[in-house]
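Novice: Handing you this structure, nothing more for now.
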Amino acid sequence: MASRTERILIIDADQKARTDLARYLETKGFYVTGYSDIASASKAIEANRPDVIFVDLGHESIRDLANRLEEAETYTPIVACSDTESSVDVVNAMRAGASDFVLKPCNDDRGILDDVIGKLLDRVRVSRLNQLYRQELEEANRDLRNGINELRADQSAGRKVQLRMLPDHNQTMGGIQVDHLIKPSLYLSGDFLDYFRIAEDKLLVYIADVSGHGASSAFVTVLLKNLTNRLQRNLRRGSSDDILYPDRFLERINSELLDTGLGKHVTVFVGIVCETERVLKYAVGAHFPMPILSFEGGTTEFLEGSGLPVGLFETPSWDVYEVALDKPFHILLFSDGILEVIDAKSLDEKEKTLLELVSGGRHTIASLNEALSLDGMTELPDDIAIVSVTDSIRSSDSTTSQ
């Protein structure tokens, strides 16, 4: 018979019984070794763990052997062999750790012996497969933990990059004061905003919401910052004045997004405040909600306008809207995450609540933050971005005259 890979060890002080059992098992193709006591078998067990151990030992010795085998965390069944006719001895052997019990001489009833060995070896194979799967799972979990740690490190670096890309808080540019707030729902944000001078009397401000969340959306915010920096350099060099026109600004973003092939689109509101002309010119790339414009002592309302999202179509076009700023004003720009934290059922009710907050004097980011309890929210359903644009000089003059 061809040799098998399974190894069987026999511990029996009765040399004839040990030899007879070994011969039979060898005819079945097993590799068999025999010892007269545990002491002489110990080194063999430690050096080359058998698949099954046959023993003719007292239940205390069986317990000691079972405990030693258990410490190795590898399943090795023990078959107790005895010529006893006492059921108490059988029960004690099983309680001590034996997996089965066979009456001696063991190979008298070969059918029973073959059945016992077959079942035990099936359990051994299952146990060792489980151990192998457990080891593979532990390795996979270790790799996963390492991967998560690397991802966290990458996210931390990405977060620092995003924060450095944002403009400074509470900037006063000529007669305009601008501030912002951005709260990501994840570690990285898909919302982005920026504001800067494009001429002595012109301030550009925009707010963008990239589709999706996470690293890929955050990457698009880097693209937006890079583009605006290039457009500003082009204006200074005289090579392009696209940044002076809201619609052409959106066209440039659209072209850049399509070229990346990321499959991302952006909703954008871009406005240019002209201080000399006292006018706001803006274009809308499917951004929602629309900014709120309020005049001191006057109306507070959402700006009008619509337009296609940016990054979906090859040759889109956007309308440019114009609003007179003939009184001291406040403009508040939001990403749509602001609506997610307003406790109202319908979208219309959410917009109405937001408008009422601003109409009631919540013109600053700090006052809105307090009214909506944003600082107390540990988990946000979506990224939130807010930009406030305030006519600081005219507002100050108006307050003084009163």
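Labels for the structure tokens follow display order: chains A, B, ..., residues from 1 in each chain, ligands from 1.
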Could you give me, as a ChimeraX atom specification, each residue of region 127-314 of chain A that DSSP assigns to strand (DSSP E) when run on this structure's backbone?
Specialist: /A:171-173,176-183,191-199,202-210,266-274,279-285,292-295,300-302
Novice: For Gln15 (chain A), find every residue with an atom within 10 Å (counting only C-alpha atoms), except residues of its own chain fewer than 5 positions away, and show them as a PDB file with N, CA and C atoms, in the first residue's frame.
Specialist:
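The resulting around-v2.pdb:
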```
ATOM      1  N   ASP A  20       1.771  -5.175  17.516  1.00  0.00           N
ATOM      2  CA  ASP A  20       0.648  -5.659  16.709  1.00  0.00           C
ATOM      3  C   ASP A  20      -0.143  -4.495  16.114  1.00  0.00           C
ATOM      4  N   LEU A  21      -0.397  -3.492  16.931  1.00  0.00           N
ATOM      5  CA  LEU A  21      -1.148  -2.332  16.442  1.00  0.00           C
ATOM      6  C   LEU A  21      -0.350  -1.568  15.392  1.00  0.00           C
ATOM      7  N   GLY A  34       6.398   3.858  17.995  1.00  0.00           N
ATOM      8  CA  GLY A  34       5.881   3.371  19.263  1.00  0.00           C
ATOM      9  C   GLY A  34       6.850   3.593  20.395  1.00  0.00           C
ATOM     10  N   TYR A  35       6.294   3.849  21.606  1.00  0.00           N
ATOM     11  CA  TYR A  35       7.095   4.079  22.802  1.00  0.00           C
ATOM     12  C   TYR A  35       6.404   3.421  23.985  1.00  0.00           C
ATOM     13  N   SER A  36       7.204   3.108  24.977  1.00  0.00           N
ATOM     14  CA  SER A  36       6.666   2.394  26.133  1.00  0.00           C
ATOM     15  C   SER A  36       6.070   3.324  27.178  1.00  0.00           C
TER      16      SER A  36
END
```
Novice: Taking only region 110-327 of chain A into account, list the residues labelled alpha helix (DSSP H) by DSSP (computed from the backbone), as a PyMOL selection string.
Specialist: chain A and resi 110-165+214-237+246-260
Novice: Extract, using only C-alpha atoms, all DNA, RNA and protein residues at most 12 Å from Arg233 (chain A), discarding same-chain residues fewer than 6 positions from it, and format them as a list in words.
Specialist: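 Once the adjacent positions are removed, what remains is Ile198, Asn226, Leu227, Ser239, Ser240, Asp241, Asp242 and Ile243 of chain A.
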Novice: Which polymer residues have any atom within 12 Å of an atom of region 117-123 of chain A, counting only C-alpha atoms, with same-chain residues fewer than 2 positions away left out, as a PyMOL selection string?
Specialist: chain A and resi 4-8+25+28+30+50-54+74-79+98-102+106-107+110-115+125-130
Novice: Next, write the just-selected residues to a file, as an mmCIF file, in the first residue's frame, keeping C-alpha atoms as the atom set.
Specialist:
```cif
data_model
loop_
_atom_site.group_PDB
_atom_site.id
_atom_site.type_symbol
_atom_site.label_atom_id
_atom_site.label_comp_id
_atom_site.auth_asym_id
_atom_site.auth_seq_id
_atom_site.Cartn_x
_atom_site.Cartn_y
_atom_site.Cartn_z
ATOM 1 C CA ARG A 4 0.264 8.107 3.662
ATOM 2 C CA THR A 5 1.276 11.431 5.069
ATOM 3 C CA GLU A 6 -0.445 10.900 8.446
ATOM 4 C CA ARG A 7 1.723 9.973 11.417
ATOM 5 C CA ILE A 8 0.465 7.848 14.302
ATOM 6 C CA LEU A 25 -1.541 0.561 10.951
ATOM 7 C CA LYS A 28 -2.939 0.806 6.078
ATOM 8 C CA PHE A 30 0.410 5.162 8.038
ATOM 9 C CA PRO A 50 1.770 13.121 15.223
ATOM 10 C CA ASP A 51 -1.705 13.241 13.751
ATOM 11 C CA VAL A 52 -3.169 10.704 16.202
ATOM 12 C CA ILE A 53 -1.831 9.221 19.464
ATOM 13 C CA PHE A 54 -2.911 5.788 20.762
ATOM 14 C CA THR A 74 -2.744 22.170 17.304
ATOM 15 C CA TYR A 75 -5.468 19.560 17.479
ATOM 16 C CA THR A 76 -4.020 16.077 18.088
ATOM 17 C CA PRO A 77 -6.602 13.498 19.141
ATOM 18 C CA ILE A 78 -5.826 10.870 21.774
ATOM 19 C CA VAL A 79 -7.312 7.362 21.480
ATOM 20 C CA ALA A 98 -9.327 11.236 25.140
ATOM 21 C CA SER A 99 -11.211 11.715 21.868
ATOM 22 C CA ASP A 100 -12.217 8.047 21.626
ATOM 23 C CA PHE A 101 -11.827 4.710 23.381
ATOM 24 C CA VAL A 102 -10.876 1.320 21.864
ATOM 25 C CA CYS A 106 -7.172 -2.825 19.224
ATOM 26 C CA ASN A 107 -6.854 -4.609 15.897
ATOM 27 C CA ARG A 110 -10.504 -3.754 12.475
ATOM 28 C CA GLY A 111 -13.709 -2.252 11.164
ATOM 29 C CA ILE A 112 -14.206 -0.267 14.370
ATOM 30 C CA LEU A 113 -10.533 0.744 14.427
ATOM 31 C CA ASP A 114 -10.639 1.927 10.817
ATOM 32 C CA ASP A 115 -13.817 3.894 11.541
ATOM 33 C CA ARG A 125 -7.881 17.894 8.732
ATOM 34 C CA VAL A 126 -10.773 20.231 9.545
ATOM 35 C CA SER A 127 -8.964 21.552 12.625
ATOM 36 C CA ARG A 128 -5.766 22.220 10.700
ATOM 37 C CA LEU A 129 -7.631 23.857 7.855
ATOM 38 C CA ASN A 130 -9.322 26.096 10.410
#
```
Novice: As an exercise, work out the distance from CA of Asp194 (chain A) to CA of Gly174 (chain A) in Å and give it to one decimal place.
Specialist: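 So the answer is 16.8 Å.
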Novice: One decimal, Å: what's the distance from CA of Leu9 (chain A) over to CA of Arg68 (chain A), could you say?
Specialist: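 Computing the Euclidean distance for CA of Leu9 (chain A) and CA of Arg68 (chain A) yields 15.3 Å.
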Novice: For a test of reading the model, state the distance in Å between CA of Ser388 (chain A) and CA of Phe192 (chain A), rounded to one decimal.
Specialist: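 Distance between the two atoms: 14.0 Å.
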Novice: Give me, as a count of residues only, all polymer residues having an atom no more than 9 Å from Leu57 (chain A), counting only C-alpha atoms and skipping those fewer than 6 positions away in the same chain.
Specialist: 8
Novice: A:Pro381, A:Leu332, A:Val222, A:Val279: which is nearest Arg362 (chain A), counting only C-alpha atoms?
Specialist: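 Closest to Arg362 (chain A), using only C-alpha atoms: A:Leu332.
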